[in-house]
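Student: structure29.txt is reproduced in full below (compact mmCIF, C-alpha atoms).
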```
# COMPACT_ATOMS: atom_id res chain seq x y z
CA MET A 1 -13.87 47.56 23.88
CA ASP A 2 -12.58 46.40 20.49
CA LEU A 3 -12.50 43.43 18.10
CA PHE A 4 -10.74 41.32 20.73
CA THR A 5 -13.27 41.88 23.50
CA PRO A 6 -15.22 38.65 24.17
CA TYR A 7 -18.92 38.76 23.36
CA GLU A 8 -21.96 36.95 24.80
CA LEU A 9 -24.02 35.83 21.80
CA GLY A 10 -27.11 34.25 23.31
CA SER A 11 -25.87 31.30 25.35
CA PHE A 12 -22.44 31.41 23.69
CA ARG A 13 -19.35 33.25 24.80
CA LEU A 14 -17.37 34.24 21.71
CA SER A 15 -13.64 34.68 22.27
CA ASN A 16 -13.60 37.81 20.08
CA ARG A 17 -15.89 39.92 17.90
CA MET A 18 -14.42 38.86 14.57
CA VAL A 19 -16.77 36.75 12.46
CA MET A 20 -15.78 34.72 9.42
CA ALA A 21 -18.38 35.75 6.83
CA PRO A 22 -20.17 33.17 4.66
CA MET A 23 -18.29 32.79 1.37
CA THR A 24 -19.20 30.54 -1.55
CA ARG A 25 -16.07 28.62 -2.58
CA CYS A 26 -17.46 26.10 -5.13
CA ARG A 27 -15.45 23.13 -3.93
CA ALA A 28 -18.15 20.64 -2.90
CA ILE A 29 -17.78 17.11 -4.25
CA GLU A 30 -20.26 14.84 -6.06
CA GLY A 31 -23.70 15.01 -4.45
CA ASN A 32 -23.09 18.56 -3.17
CA ILE A 33 -21.26 17.03 -0.22
CA PRO A 34 -18.75 19.27 1.62
CA ASN A 35 -15.25 18.67 0.33
CA PRO A 36 -13.02 16.89 2.89
CA LEU A 37 -10.64 19.84 2.36
CA SER A 38 -13.25 22.07 3.99
CA ILE A 39 -12.38 20.50 7.35
CA THR A 40 -8.89 21.99 7.09
CA TYR A 41 -10.24 25.22 5.59
CA TYR A 42 -12.55 25.99 8.50
CA VAL A 43 -10.20 24.74 11.23
CA GLN A 44 -7.46 27.00 9.85
CA ARG A 45 -9.81 29.96 10.46
CA SER A 46 -11.04 28.90 13.90
CA GLN A 47 -9.42 31.92 15.57
CA ALA A 48 -12.66 33.67 14.55
CA GLY A 49 -15.06 34.17 17.43
CA LEU A 50 -17.76 32.83 15.14
CA ILE A 51 -17.56 31.06 11.78
CA ILE A 52 -20.52 31.27 9.38
CA THR A 53 -20.21 28.69 6.64
CA GLU A 54 -20.72 29.18 2.94
CA GLY A 55 -24.37 29.06 1.89
CA SER A 56 -25.75 25.52 1.84
CA GLN A 57 -28.85 24.63 -0.15
CA VAL A 58 -31.87 23.47 1.82
CA SER A 59 -33.01 21.34 -1.13
CA SER A 60 -31.90 20.26 -4.58
CA GLN A 61 -34.42 22.83 -5.84
CA GLY A 62 -32.39 25.61 -4.22
CA VAL A 63 -29.14 25.04 -6.15
CA GLY A 64 -27.81 27.78 -8.40
CA TYR A 65 -24.03 27.37 -8.44
CA ILE A 66 -21.72 24.51 -9.33
CA HIS A 67 -20.02 22.57 -6.52
CA THR A 68 -21.85 24.20 -3.63
CA PRO A 69 -22.67 22.11 -0.54
CA GLY A 70 -26.17 21.25 0.60
CA ILE A 71 -27.81 20.30 3.87
CA TYR A 72 -30.62 18.07 2.55
CA SER A 73 -29.06 14.59 2.39
CA SER A 74 -27.59 12.23 4.97
CA GLU A 75 -24.27 12.26 3.10
CA GLN A 76 -24.14 16.06 3.31
CA VAL A 77 -24.94 15.95 7.02
CA ALA A 78 -22.14 13.44 7.56
CA GLY A 79 -19.72 15.64 5.61
CA TRP A 80 -20.61 18.71 7.64
CA ARG A 81 -20.37 16.75 10.91
CA LYS A 82 -16.66 16.23 10.29
CA VAL A 83 -16.29 20.00 9.89
CA THR A 84 -18.18 20.94 13.06
CA ASP A 85 -16.38 18.33 15.19
CA ALA A 86 -13.00 19.65 14.05
CA VAL A 87 -13.94 23.32 14.52
CA HIS A 88 -15.25 22.64 18.02
CA GLN A 89 -12.03 20.86 18.93
CA SER A 90 -10.22 24.01 17.80
CA GLY A 91 -12.32 26.14 20.14
CA SER A 92 -14.59 28.15 17.85
CA LYS A 93 -18.34 28.30 17.25
CA ILE A 94 -19.80 27.57 13.82
CA PHE A 95 -23.16 28.40 12.23
CA LEU A 96 -24.41 27.01 8.91
CA GLN A 97 -25.94 29.41 6.38
CA LEU A 98 -29.28 28.10 5.06
CA TRP A 99 -29.71 28.99 1.39
CA HIS A 100 -32.28 28.80 -1.41
CA VAL A 101 -31.30 30.73 -4.53
CA GLY A 102 -34.81 30.97 -6.00
CA ARG A 103 -34.64 32.47 -9.48
CA VAL A 104 -30.84 32.78 -9.48
CA SER A 105 -30.48 29.36 -11.08
CA HIS A 106 -30.89 27.56 -14.39
CA PRO A 107 -32.68 24.46 -15.75
CA ASP A 108 -29.25 22.80 -16.01
CA PHE A 109 -29.31 22.51 -12.20
CA LEU A 110 -32.97 21.51 -12.00
CA ARG A 111 -33.30 18.55 -14.38
CA GLY A 112 -34.72 20.86 -17.03
CA GLY A 113 -37.24 22.57 -14.75
CA LEU A 114 -37.46 26.32 -14.40
CA PRO A 115 -36.07 28.11 -11.34
CA LEU A 116 -38.66 29.16 -8.77
CA ALA A 117 -39.47 32.72 -7.74
CA PRO A 118 -42.24 34.84 -6.26
CA SER A 119 -43.10 36.06 -9.77
CA ALA A 120 -42.24 35.11 -13.35
CA LEU A 121 -40.06 38.13 -14.12
CA PRO A 122 -36.93 38.33 -16.30
CA VAL A 123 -33.58 38.39 -14.52
CA GLU A 124 -30.41 40.04 -15.79
CA GLY A 125 -27.26 38.01 -15.38
CA ASN A 126 -25.45 34.80 -16.21
CA ILE A 127 -25.02 31.54 -14.34
CA HIS A 128 -22.09 29.12 -14.45
CA THR A 129 -23.84 25.80 -14.92
CA PRO A 130 -22.36 22.28 -15.23
CA PHE A 131 -22.56 22.86 -18.99
CA GLY A 132 -20.97 26.29 -19.14
CA LYS A 133 -21.93 29.91 -18.65
CA LYS A 134 -25.57 30.61 -19.56
CA LYS A 135 -28.05 33.46 -19.32
CA MET A 136 -30.62 33.17 -16.57
CA GLU A 137 -34.08 32.25 -17.80
CA ILE A 138 -37.42 33.68 -16.74
CA PRO A 139 -38.37 31.72 -13.61
CA ARG A 140 -41.65 30.05 -12.73
CA ALA A 141 -43.82 31.73 -10.11
CA LEU A 142 -44.38 29.54 -7.07
CA GLU A 143 -47.96 28.36 -6.73
CA LEU A 144 -49.62 29.24 -3.45
CA GLU A 145 -49.86 25.59 -2.45
CA GLU A 146 -46.08 25.22 -2.96
CA ILE A 147 -45.18 27.83 -0.31
CA PRO A 148 -45.45 25.42 2.68
CA SER A 149 -42.89 23.18 0.96
CA ILE A 150 -40.38 26.05 0.86
CA ILE A 151 -40.87 26.67 4.58
CA ASN A 152 -40.43 22.96 5.28
CA GLN A 153 -37.21 22.90 3.26
CA PHE A 154 -35.73 25.55 5.56
CA ARG A 155 -37.06 23.72 8.62
CA SER A 156 -35.53 20.44 7.40
CA GLY A 157 -32.27 22.24 6.68
CA ALA A 158 -32.21 23.45 10.27
CA VAL A 159 -32.97 19.94 11.57
CA ASN A 160 -30.11 18.56 9.47
CA ALA A 161 -27.77 21.35 10.58
CA LYS A 162 -28.50 20.45 14.19
CA ALA A 163 -27.80 16.79 13.42
CA ALA A 164 -24.52 17.86 11.81
CA GLY A 165 -23.42 19.51 15.06
CA PHE A 166 -23.75 23.18 14.15
CA ASP A 167 -24.11 25.65 17.01
CA GLY A 168 -26.76 27.53 15.08
CA VAL A 169 -27.81 28.69 11.62
CA GLU A 170 -27.94 31.89 9.61
CA ILE A 171 -30.89 32.31 7.24
CA HIS A 172 -29.71 33.74 3.92
CA GLY A 173 -32.11 36.57 3.20
CA ALA A 174 -29.64 38.66 1.19
CA ASN A 175 -28.03 39.06 -2.25
CA GLY A 176 -31.11 38.58 -4.41
CA TYR A 177 -31.89 35.00 -3.39
CA LEU A 178 -35.34 33.55 -2.71
CA LEU A 179 -36.25 35.22 0.59
CA ASP A 180 -34.87 38.56 -0.63
CA GLN A 181 -36.92 38.12 -3.82
CA PHE A 182 -40.11 37.78 -1.78
CA LEU A 183 -39.35 40.80 0.40
CA ARG A 184 -38.70 43.37 -2.33
CA ASP A 185 -41.44 44.74 -4.56
CA GLY A 186 -39.20 44.83 -7.62
CA SER A 187 -39.05 41.01 -7.67
CA ASN A 188 -42.39 40.21 -6.01
CA HIS A 189 -45.48 41.09 -8.08
CA ARG A 190 -47.79 38.56 -6.43
CA THR A 191 -51.40 39.41 -5.67
CA ASP A 192 -52.06 36.76 -3.00
CA GLN A 193 -51.14 36.82 0.71
CA TYR A 194 -47.43 36.59 -0.15
CA GLY A 195 -47.32 39.72 -2.30
CA GLY A 196 -48.55 43.27 -2.67
CA SER A 197 -48.30 44.97 0.72
CA LEU A 198 -45.04 45.08 2.66
CA HIS A 199 -46.70 42.97 5.35
CA ASN A 200 -47.48 40.28 2.77
CA ARG A 201 -44.08 40.41 1.08
CA ALA A 202 -42.39 39.84 4.43
CA ARG A 203 -44.67 36.91 5.24
CA LEU A 204 -42.57 34.09 3.77
CA PRO A 205 -39.22 35.25 5.22
CA LEU A 206 -40.83 35.61 8.64
CA GLU A 207 -42.55 32.23 8.41
CA VAL A 208 -39.16 30.72 7.57
CA VAL A 209 -37.69 32.43 10.65
CA GLU A 210 -40.43 30.94 12.82
CA ALA A 211 -39.87 27.45 11.40
CA VAL A 212 -36.11 27.60 11.98
CA ILE A 213 -36.52 28.98 15.51
CA ASP A 214 -38.75 26.00 16.29
CA VAL A 215 -35.72 23.80 15.61
CA PHE A 216 -32.82 25.75 17.13
CA GLY A 217 -34.31 28.33 19.47
CA ALA A 218 -34.18 32.06 18.71
CA ASP A 219 -30.73 32.76 20.18
CA ARG A 220 -29.12 30.25 17.80
CA VAL A 221 -30.63 31.76 14.66
CA GLY A 222 -29.30 34.71 12.66
CA TYR A 223 -30.58 36.45 9.53
CA ARG A 224 -28.62 38.19 6.76
CA ILE A 225 -29.82 41.20 4.72
CA SER A 226 -28.29 43.35 1.97
CA PRO A 227 -30.43 46.48 1.43
CA HIS A 228 -28.02 47.94 -1.13
CA PHE A 229 -27.82 44.86 -3.36
CA GLN A 230 -28.93 45.56 -6.96
CA ASN A 231 -27.58 42.67 -9.05
CA TYR A 232 -29.85 40.02 -10.59
CA SER A 233 -32.42 42.77 -11.37
CA MET A 234 -33.07 43.36 -7.66
CA ASN A 235 -34.71 46.60 -6.61
CA ASP A 236 -37.36 48.03 -4.31
CA SER A 237 -39.45 51.17 -4.64
CA ASN A 238 -38.83 52.14 -1.01
CA PRO A 239 -35.92 50.17 0.46
CA HIS A 240 -35.81 52.39 3.55
CA GLU A 241 -39.40 51.50 4.46
CA THR A 242 -38.98 47.84 3.47
CA PHE A 243 -35.89 47.08 5.51
CA CYS A 244 -36.86 49.20 8.53
CA TYR A 245 -40.16 47.32 8.71
CA PHE A 246 -38.41 43.99 8.26
CA ALA A 247 -35.78 44.74 10.94
CA LYS A 248 -38.57 45.65 13.36
CA GLU A 249 -40.39 42.39 12.60
CA LEU A 250 -37.20 40.35 13.01
CA SER A 251 -36.52 42.04 16.33
CA ARG A 252 -39.76 40.60 17.72
CA PHE A 253 -38.28 37.10 17.54
CA ASN A 254 -35.28 37.87 19.79
CA LEU A 255 -32.94 36.39 17.19
CA GLY A 256 -29.33 35.67 17.98
CA TYR A 257 -28.26 38.35 15.51
CA LEU A 258 -28.96 40.36 12.37
CA HIS A 259 -26.13 40.37 9.83
CA MET A 260 -26.13 43.32 7.43
CA ILE A 261 -24.01 44.01 4.36
CA GLU A 262 -23.18 47.69 3.95
CA ARG A 263 -19.77 48.54 2.66
CA VAL A 264 -17.72 51.21 4.37
CA GLY A 265 -18.47 54.35 2.36
CA GLU A 266 -21.54 52.79 0.70
CA PRO A 267 -23.37 55.34 -1.53
CA MET A 268 -26.44 56.58 0.32
CA ARG A 269 -29.07 55.15 -2.02
CA VAL A 270 -31.23 53.83 0.81
CA ALA A 271 -31.00 56.49 3.50
CA PRO A 272 -29.60 59.79 2.18
CA GLY A 273 -27.53 61.61 4.76
CA ALA A 274 -27.05 58.65 7.08
CA ARG A 275 -25.48 55.21 7.23
CA PHE A 276 -28.44 52.91 6.77
CA ALA A 277 -26.73 50.43 9.10
CA SER A 278 -27.09 52.91 11.96
CA ILE A 279 -30.84 53.15 11.33
CA ILE A 280 -31.26 49.37 11.24
CA ARG A 281 -29.07 49.09 14.34
CA SER A 282 -31.45 51.38 16.22
CA ILE A 283 -34.47 49.27 15.21
CA PHE A 284 -33.13 45.75 15.71
CA LYS A 285 -32.68 45.03 19.41
CA GLY A 286 -30.44 41.97 19.23
CA ALA A 287 -26.78 41.50 18.32
CA PHE A 288 -25.81 43.34 15.13
CA ILE A 289 -23.10 42.16 12.71
CA LEU A 290 -21.73 44.46 10.01
CA ASN A 291 -19.93 43.32 6.86
CA GLY A 292 -18.35 45.16 3.97
CA GLY A 293 -14.78 46.33 3.44
CA TYR A 294 -13.68 46.52 7.08
CA ASP A 295 -10.04 46.26 8.13
CA ALA A 296 -8.67 46.21 11.68
CA ASP A 297 -8.92 49.97 12.27
CA LYS A 298 -12.38 50.36 10.76
CA GLY A 299 -13.62 47.28 12.57
CA ASN A 300 -12.32 48.52 15.92
CA ALA A 301 -13.82 51.95 15.29
CA ALA A 302 -17.24 50.45 14.51
CA ILE A 303 -17.15 48.42 17.73
CA GLN A 304 -15.98 51.36 19.84
CA LYS A 305 -18.69 53.63 18.40
CA SER A 306 -21.29 50.89 19.01
CA GLU A 307 -22.17 50.83 15.31
CA ALA A 308 -22.08 47.04 15.55
CA ASP A 309 -21.48 44.30 18.11
CA LEU A 310 -19.44 42.14 15.76
CA ILE A 311 -17.70 42.61 12.40
CA SER A 312 -17.61 39.93 9.73
CA TYR A 313 -14.70 39.57 7.34
CA GLY A 314 -14.87 37.81 3.99
CA SER A 315 -11.92 37.93 1.59
CA LEU A 316 -9.51 38.95 4.38
CA PHE A 317 -10.35 35.73 6.26
CA LEU A 318 -10.20 33.80 3.00
CA ALA A 319 -6.60 34.90 2.43
CA ASN A 320 -5.49 35.09 6.07
CA PRO A 321 -6.41 31.99 8.09
CA ASP A 322 -4.89 33.63 11.19
CA LEU A 323 -6.54 37.02 10.61
CA PRO A 324 -7.18 37.77 14.32
CA GLU A 325 -3.53 37.16 15.17
CA ARG A 326 -2.41 39.36 12.28
CA PHE A 327 -4.74 42.14 13.40
CA ARG A 328 -3.54 41.83 16.99
CA LYS A 329 0.13 42.06 15.94
CA ASN A 330 -0.50 44.61 13.18
CA ALA A 331 1.21 42.13 10.84
CA PRO A 332 1.16 42.27 7.02
CA LEU A 333 -1.79 40.59 5.31
CA ASN A 334 -1.81 38.07 2.48
CA THR A 335 -3.41 39.30 -0.75
CA PRO A 336 -6.50 37.36 -1.83
CA ASP A 337 -6.09 35.51 -5.14
CA ILE A 338 -9.33 36.22 -6.98
CA THR A 339 -8.61 33.56 -9.61
CA THR A 340 -8.96 30.83 -6.97
CA PHE A 341 -12.06 32.15 -5.17
CA TYR A 342 -14.30 29.61 -6.93
CA ALA A 343 -11.85 27.02 -8.24
CA GLY A 344 -8.49 25.51 -7.51
CA GLU A 345 -9.05 22.76 -4.93
CA GLU A 346 -6.20 23.18 -2.39
CA ARG A 347 -4.74 26.19 -4.20
CA GLY A 348 -6.22 29.40 -2.89
CA TYR A 349 -8.23 27.40 -0.36
CA ILE A 350 -6.02 25.83 2.30
CA ASP A 351 -2.54 26.94 1.17
CA TYR A 352 -2.50 30.58 2.33
CA PRO A 353 0.43 30.97 4.77
CA VAL A 354 0.07 31.82 8.45
CA LEU A 355 2.52 33.96 10.40
```
Step by step, read the file and then write its structure as structure tokens.
Tutor:
Amino acid sequence: MDLFTPYELGSFRLSNRMVMAPMTRCRAIEGNIPNPLSITYYVQRSQAGLIITEGSQVSSQGVGYIHTPGIYSSEQVAGWRKVTDAVHQSGSKIFLQLWHVGRVSHPDFLRGGLPLAPSALPVEGNIHTPFGKKKMEIPRALELEEIPSIINQFRSGAVNAKAAGFDGVEIHGANGYLLDQFLRDGSNHRTDQYGGSLHNRARLPLEVVEAVIDVFGADRVGYRISPHFQNYSMNDSNPHETFCYFAKELSRFNLGYLHMIERVGEPMRVAPGARFASIIRSIFKGAFILNGGYDADKGNAAIQKSEADLISYGSLFLANPDLPERFRKNAPLNTPDITTFYAGEERGYIDYPVL
């Protein structure tokens, strides 16, 4: 068993265990509509057993980066439909990542309004807005009566993703964005039923999971976590307890998969003496995807040791459209051009050579 062994993910048979990780590329066109170039971009990488798209905002309120696609308008749905049709013709499966950035935004994106968050706490970091690089401002705490709207935004995003032809969706609960902000006690200081205890902090993420499952069914829904992430002032007083509890709760839903970011050789801040991924793997009973600095050898080793069911690749897939073929042939890899990760149109997007 290795990266090239087919895998049964719910009702899908994946041709291999290599996943294209979600990667923000900042190339959407006016109206946060997927760039027509993204059709070529994703089709070029359709050797992946599963493609997970770049994060796509579930509402205009969830935007925090320039030129990122959404899934809340009919024009965005139509743009994504062209992508899914083309990827399916190429033989791969494709999930959309549902995204709300929460406090990782700026009034420049929100018609002068403040970003939303569980609590009105300062955030370290800068944002590239339509009017230049700016420091993040203290967000506005969501009112209790606003919470159902957030859940409905994710539900509507799932409905629109289904209309756009996606095989499923991944809920973005990682990297310091809204659902991650609610889960961790460093960013959630609420005193109502969505804050305080771990049970309460997990409430919104789990209610979002339920809403999305209602649309797609559990086996077509994934969830992404990043227990080690500490940017944007993210922290938790007991990340081991928080993420073990959350993995156990997610497991109850029989999700299609749990997608975890833990770099190979990650410092053991969360679980001293052990790979935290192995602990989460033992708790979550569904398919487990690992991401973070894997190459062919490390990916194969993780599969063979049953540390994960699938391995997701980010920058390697970005720079090598035919990454599975290169791994299979042990061929040289293209070097990612960091200067074009978030800009450049065709350059650094659809012009990387294949074998």
Student: Do you have the atom CA of Leu290 of chain A-atom CA of Asn320 of chain A distance handy?
Tutor: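 About the pair atom CA of Leu290 of chain A and atom CA of Asn320 of chain A: they are 19.2 Å apart.
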Student: Rounded to one decimal, what separation in Å do you get between atom CA of Arg203 of chain A and atom CA of Gly173 of chain A?
Tutor: 12.7 Å
Student: Between atom CA of Val43 of chain A and atom CA of His172 of chain A, what distance in Å does the model show, to one decimal?
Tutor: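 Atom-to-atom, atom CA of Val43 of chain A to atom CA of His172 of chain A, that is 22.7 Å.
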Student: Show which residues sit within 12 Å of Gly112 of chain A, as a list of chain:residue names. Count all atoms listed in the file, and ignore same-chain residues fewer than 4 positions away.
Tutor: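 Here the qualifying residues turn out to be A:Gln61, A:Ser105, A:His106, A:Pro107, A:Asp108, A:Glu137, A:Pro139.
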Student: Show me, as a list of chain:residue names, the residues that have an atom within 9 Å of segment 298-303 of chain A when counting all atoms listed in the file, minus same-chain residues fewer than 6 positions from it.
Tutor: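 Non-adjacent residues within range: A:Met1, A:Asp2, A:Leu3, A:Phe4, A:Arg17, A:Met18, A:Val264, A:Leu290, A:Asp309, A:Leu310, A:Ile311, A:Ser312.
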Student: Write a file of the selected residues as an mmCIF file, keeping the file's coordinate frame, keeping C-alpha atoms.
Tutor:
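Below is the file that was written, selection.cif:
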```
data_model
loop_
_atom_site.group_PDB
_atom_site.id
_atom_site.type_symbol
_atom_site.label_atom_id
_atom_site.label_comp_id
_atom_site.auth_asym_id
_atom_site.auth_seq_id
_atom_site.Cartn_x
_atom_site.Cartn_y
_atom_site.Cartn_z
ATOM 1 C CA MET A 1 -13.870 47.560 23.880
ATOM 2 C CA ASP A 2 -12.580 46.400 20.490
ATOM 3 C CA LEU A 3 -12.500 43.430 18.100
ATOM 4 C CA PHE A 4 -10.740 41.320 20.730
ATOM 5 C CA ARG A 17 -15.890 39.920 17.900
ATOM 6 C CA MET A 18 -14.420 38.860 14.570
ATOM 7 C CA VAL A 264 -17.720 51.210 4.370
ATOM 8 C CA LEU A 290 -21.730 44.460 10.010
ATOM 9 C CA ASP A 309 -21.480 44.300 18.110
ATOM 10 C CA LEU A 310 -19.440 42.140 15.760
ATOM 11 C CA ILE A 311 -17.700 42.610 12.400
ATOM 12 C CA SER A 312 -17.610 39.930 9.730
#
```
Student: Taking (-4.0, 31.1, 9.2) in the file's own coordinates, collect the residues within 8 Å, counting all atoms listed in the file, and hand them back as a PyMOL selection string.
Tutor: chain A and resi 44-45+320-323+352-355
Student: Do a neighbour search on Glu54 of chain A at 6 Å with all atoms listed in the file, toss out local chain neighbours closer than 3 positions, and write the hits as a list in words.
Tutor: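 Near Glu54 of chain A, the qualifying residues are Pro22, Met23 and Thr24 of chain A.
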Student: Restricting the calculation to all atoms listed in the file, which member of A:Ile94, A:Ile350, A:Val19, A:Ile289 is positioned closest to Leu37 of chain A?
Tutor: A:Ile350
Student: Would you please work out which residue, of A:Leu255, A:Ala319, A:Ala117, A:Cys244, is nearest to Ser282 of chain A when using only C-alpha atoms?
Tutor: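 Nearest candidate to Ser282 of chain A out of A:Leu255, A:Ala319, A:Ala117, A:Cys244: A:Cys244.
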Student: Using all atoms listed in the file, which of A:Leu316, A:Ala277, A:Ala161, A:Val212 sits nearest Ala21 of chain A?
Tutor: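 Of all the options, A:Leu316 lies closest to Ala21 of chain A.
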Student: With a distance cut-off of 7 Å and only C-alpha atoms, select the neighbouring residues of His100 of chain A, excluding the residue or stretch itself and same-chain residues fewer than 5 positions from it, and output the selection as JSON, numbers by chain.
Tutor: {"A": [57, 58, 62, 63, 177, 178]}
Student: Grab the residues selected above and save them as a PDB file, in the frame of the given file with C-alpha atoms.
Tutor:
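Generated output (again16.pdb):
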```pdb
ATOM      1  CA  GLN A  57     -28.850  24.630  -0.150  1.00  0.00           C
ATOM      2  CA  VAL A  58     -31.870  23.470   1.820  1.00  0.00           C
ATOM      3  CA  GLY A  62     -32.390  25.610  -4.220  1.00  0.00           C
ATOM      4  CA  VAL A  63     -29.140  25.040  -6.150  1.00  0.00           C
ATOM      5  CA  TYR A 177     -31.890  35.000  -3.390  1.00  0.00           C
ATOM      6  CA  LEU A 178     -35.340  33.550  -2.710  1.00  0.00           C
TER       7      LEU A 178
END
```
Student: Skipping near chain neighbours, those fewer than 3 positions away, what residues fall within 10 Å of segment 8-11 of chain A using all atoms listed in the file, listed as a list in words?
Tutor: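 In the requested format, the answer is Leu14, Ser15, Asn16, Arg17, Leu50, Ala218, Asp219, Arg220, Val221, Asn254, Leu255, Gly256, Tyr257, Gly286, Ala287, Asp309 and Leu310 of chain A.
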Student: Save the residues we just selected, C-alpha atoms, as an mmCIF file, in the frame of the given file?
Tutor:
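Result file follows (again_17.cif):
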```cif
data_model
loop_
_atom_site.group_PDB
_atom_site.id
_atom_site.type_symbol
_atom_site.label_atom_id
_atom_site.label_comp_id
_atom_site.auth_asym_id
_atom_site.auth_seq_id
_atom_site.Cartn_x
_atom_site.Cartn_y
_atom_site.Cartn_z
ATOM 1 C CA LEU A 14 -17.370 34.240 21.710
ATOM 2 C CA SER A 15 -13.640 34.680 22.270
ATOM 3 C CA ASN A 16 -13.600 37.810 20.080
ATOM 4 C CA ARG A 17 -15.890 39.920 17.900
ATOM 5 C CA LEU A 50 -17.760 32.830 15.140
ATOM 6 C CA ALA A 218 -34.180 32.060 18.710
ATOM 7 C CA ASP A 219 -30.730 32.760 20.180
ATOM 8 C CA ARG A 220 -29.120 30.250 17.800
ATOM 9 C CA VAL A 221 -30.630 31.760 14.660
ATOM 10 C CA ASN A 254 -35.280 37.870 19.790
ATOM 11 C CA LEU A 255 -32.940 36.390 17.190
ATOM 12 C CA GLY A 256 -29.330 35.670 17.980
ATOM 13 C CA TYR A 257 -28.260 38.350 15.510
ATOM 14 C CA GLY A 286 -30.440 41.970 19.230
ATOM 15 C CA ALA A 287 -26.780 41.500 18.320
ATOM 16 C CA ASP A 309 -21.480 44.300 18.110
ATOM 17 C CA LEU A 310 -19.440 42.140 15.760
#
```
Student: Ranking A:Asp236, A:Asp167, A:Asp185, A:Glu241 by minimum distance to Asp85 of chain A and counting all atoms listed in the file, which one comes first?
Tutor: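 Checking each of A:Asp236, A:Asp167, A:Asp185, A:Glu241 against Asp85 of chain A, counting all atoms listed in the file, the winner is A:Asp167.
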Student: Tell me which of A:Leu258, A:Ala343, A:Ile138, A:Ala211 sits closest to Val123 of chain A, counting only C-alpha atoms.
Tutor: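 When distances to Val123 of chain A are compared using only C-alpha atoms, the smallest one comes from A:Ile138.
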Student: Using all atoms listed in the file, which of the listed residues (A:Gly348, A:Pro115, A:Gly79, A:Gly292) sits closest to Ile39 of chain A?
Tutor: A:Gly79
Student: Please tell me which residues are no farther than 10 Å from (-32.8, 37.4, -2.4) in the file, counting only C-alpha atoms, and write them as a PyMOL selection string.
Tutor: chain A and resi 99-104+117+172-184+187+225-226+229+231-232+234
